[in-house]
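Student: Sending over a structure as structure tokens; questions will come in a sec.
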Amino acid sequence: MAKTHYDTLGLPRTCTADEIRSAYRKLVLRYHPDRSKAPNAKEMFLRITEAYEVLGDPARRREYDRLLDAQAAASRRVAQPSPPRQPPPAEPPGGQARISVTLAQEIVRLTVLYSRGRIAEAERLARYLRQRAPRNPVPYAVLGDIERARGNLVEAANLYAIAYQLDPRNELYRMRHDDAARAVARNQRRDPVVARRRQSVAPLVGASVVLLACIYLVLSDESPVLGHLAPVSAWTLGAVVMSFLSGVAIGASLLVGGFLDRFQSTVTTTVGRLSPNLALASVAVVNFWLAAVLYAALGLSQGAFNRSTSRLVGAVAAATVFLALAASVAGGGLGSQMLLWGGNLVYIGAVCGWMVADALADA
């Protein structure tokens with residue numbers, strides 16, 4: 001297995017940009033999964049793509065070269081014979097030991113900030129630690145999660161790759177990198193015409209299901225099933241089912257259309273903790289509008305917006321409003337109750353549809 005991106009492309013570190021492009025074109029044609037019958041064609045194609053994404057960008061190449069230099073310097077230090085033992089000098093106040101302890105504390109603080117959804121602070125600290133502790137994988141992994149949440153899959157894959165190189169025993173880093181790299185490869189192989197068609201048709205399917213649910217609410221003549229509960233006294237069984245099915249259709253259609261990231265990538269973070277986005281789902285079970293307000297507040301104050309979550313929340317809010325309008329036409333007080341509580345069921349259904357569609361995509 002190639003040790004560096006230069007080895008993957010078969011080039012020396014002194015190679016030019018033209019040589020990188022030329023080697024990439026030749027290797028892609030050789031190992032493209034649709035053209036090559038080699039057993040390792042898929043793995044090589046992903047590695048070649050990742051190598052080109054890093055080395056083909058001058059800024060990323062400079063950063064990668066600095067990482068290689070740091071690794072080489074560390075290897076040389078390990079290989080050098082130990083000098084004659086001398087009494088250790090007294091550690092001055094604020095010396096190297098104190099600096100190491102401080103950096104370790106900052107790494108812990110980074111994981112706490114990120115797990116609590118304080119993304120803006122976590123990003124600033126991760127970029128600072130990447131300069132101060134370039135051989136620690138945690139800042140690269142956290143930045144990879146942040147870039148993926150923003151939809152920057154190529155940058156996320158590169159950051160995960162660095163984190164895994166620095167800590168090869170961490171399988172979570174490897175899985176995150178492989179998942180992001182596969183997503184990049186899928187996007188590159190995808191026919192642009194088919195992709196645009198999916199982006200156009202899939203959301204229309206979800207919207208059609210919501211429209212049919214609205215028509216059902218207008219035309220149905222059902223008796224309430226929860227009349228003894230004042231907040232939902234006007235709810236019928238059909239309203240419950242239609243709200244949930246509308247959510248399922250929204251979640252599945254947005255994923256199929258490419259508007260949502262893989263569900264699994266939003267469940268956990270590379271620091272091994274549950275994603276802050278799951279907290280939104282738990283609040284939405286109580287009240288969707290409260291969850292949406294909290295999400296917007298955190299997003300504006302902490303830079304914690306997630307591309308997939310933002311799209312899902314927006315779609316659920318729109319569907320809830322339309323279902324409430326249809327229920328208002330039917331009368332009986334269901335409209336106001338649907339507006340207040342319907343988002344809970346729609347959002348739960350959307351998460352289920354997102355999850356199931358993602359699982360079927362791997363089948």
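Just so we're on the same page: first chain in the structure tokens is A, next is B, and so on; residues restart at 1 for each chain, and ligands are numbered from 1 in the order they show up.
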Which polymer residues have any atom within 8 Å of an atom of Leu27 in chain A, counting only C-alpha atoms, with same-chain residues fewer than 3 positions away left out, as a list in words?
Tutor: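 Within the cut-off, the hits are Leu9, Ala23, Tyr24, Arg30, Tyr31, Phe45 and Ile48 of chain A.
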Student: For C-alpha atoms, I'd like the residues from the last selection saved as a short mmCIF file (atom, residue, chain, number, x, y, z; two decimals), in the first residue's frame.
Tutor:
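The result, written out as selection-v1.cif:
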data_model
loop_
_atom_site.label_atom_id
_atom_site.label_comp_id
_atom_site.auth_asym_id
_atom_site.auth_seq_id
_atom_site.Cartn_x
_atom_site.Cartn_y
_atom_site.Cartn_z
CA LEU A 9 0.49 8.80 -8.10
CA ALA A 23 -0.35 11.04 -13.67
CA TYR A 24 -3.87 11.43 -12.30
CA ARG A 30 -6.39 2.55 -15.57
CA TYR A 31 -8.23 1.95 -12.31
CA PHE A 45 -9.53 4.71 -7.61
CA ILE A 48 -5.94 8.19 -6.58
#
Student: Please extract the residues of range 171-245 of chain A with a backbone DSSP assignment of alpha helix (DSSP H) and present them as a VMD selection string.
Tutor: chain A and resid 171 to 189 192 to 219 237 to 245
Student: Counting only C-alpha atoms, what are the residues of range 260-321 of chain A within 12 Å of range 234-249 of chain A, and for each of them which pair of atoms is the nearest and at what distance in Å, to one decimal? Sort the table by chain and rising number, as JSON lines.
Tutor:
{"residue": "A:Leu312", "atom": "CA", "partner": "A:Gly247", "partner_atom": "CA", "distance": 9.6}
{"residue": "A:Val313", "atom": "CA", "partner": "A:Gly247", "partner_atom": "CA", "distance": 10.7}
{"residue": "A:Gly314", "atom": "CA", "partner": "A:Gly247", "partner_atom": "CA", "distance": 12.0}
{"residue": "A:Ala315", "atom": "CA", "partner": "A:Gly247", "partner_atom": "CA", "distance": 9.0}
{"residue": "A:Val316", "atom": "CA", "partner": "A:Gly247", "partner_atom": "CA", "distance": 7.0}
{"residue": "A:Ala317", "atom": "CA", "partner": "A:Gly247", "partner_atom": "CA", "distance": 10.4}
{"residue": "A:Ala318", "atom": "CA", "partner": "A:Gly247", "partner_atom": "CA", "distance": 11.0}
{"residue": "A:Ala319", "atom": "CA", "partner": "A:Ser246", "partner_atom": "CA", "distance": 7.6}
{"residue": "A:Thr320", "atom": "CA", "partner": "A:Ser243", "partner_atom": "CA", "distance": 8.0}
{"residue": "A:Val321", "atom": "CA", "partner": "A:Ser243", "partner_atom": "CA", "distance": 11.2}
Student: Considering only C-alpha atoms, state which residue in the set A:Asp7, A:Asp261, A:Asp221, A:Asp358 is at the smallest distance from Ala327 in chain A.
Tutor: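 Using only C-alpha atoms, Ala327 in chain A sits closest to A:Asp221.
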Student: Go through A:Gly10, A:Gly227, A:Gly353, A:Pro192 and flag the residue nearest Gly206 in chain A, using only C-alpha atoms for the distances.
Tutor: A:Gly353
Student: Give me, as a PDB file with C-alpha atoms, in the first residue's frame, all polymer residues having an atom no more than 8 Å from range 279-289 of chain A, counting only C-alpha atoms and skipping those fewer than 3 positions away in the same chain.
Tutor:
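And here is the file that came out, part-v5.pdb:
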ATOM      1  CA  SER A 275     -23.965  14.290  17.246  1.00  0.00           C
ATOM      2  CA  PRO A 276     -25.580  17.506  18.551  1.00  0.00           C
ATOM      3  CA  ALA A 292     -36.477  24.693  15.269  1.00  0.00           C
ATOM      4  CA  VAL A 293     -36.067  27.911  17.300  1.00  0.00           C
ATOM      5  CA  TYR A 295     -31.554  25.128  16.236  1.00  0.00           C
ATOM      6  CA  LEU A 340     -48.844  23.437  17.040  1.00  0.00           C
ATOM      7  CA  TRP A 341     -48.148  19.695  17.299  1.00  0.00           C
ATOM      8  CA  GLY A 343     -44.471  19.111  13.245  1.00  0.00           C
ATOM      9  CA  ASN A 344     -43.566  16.569  15.931  1.00  0.00           C
ATOM     10  CA  LEU A 345     -44.969  13.676  13.906  1.00  0.00           C
ATOM     11  CA  TYR A 347     -40.205  15.444  11.885  1.00  0.00           C
ATOM     12  CA  ILE A 348     -40.119  11.971  13.458  1.00  0.00           C
TER      13      ILE A 348
END
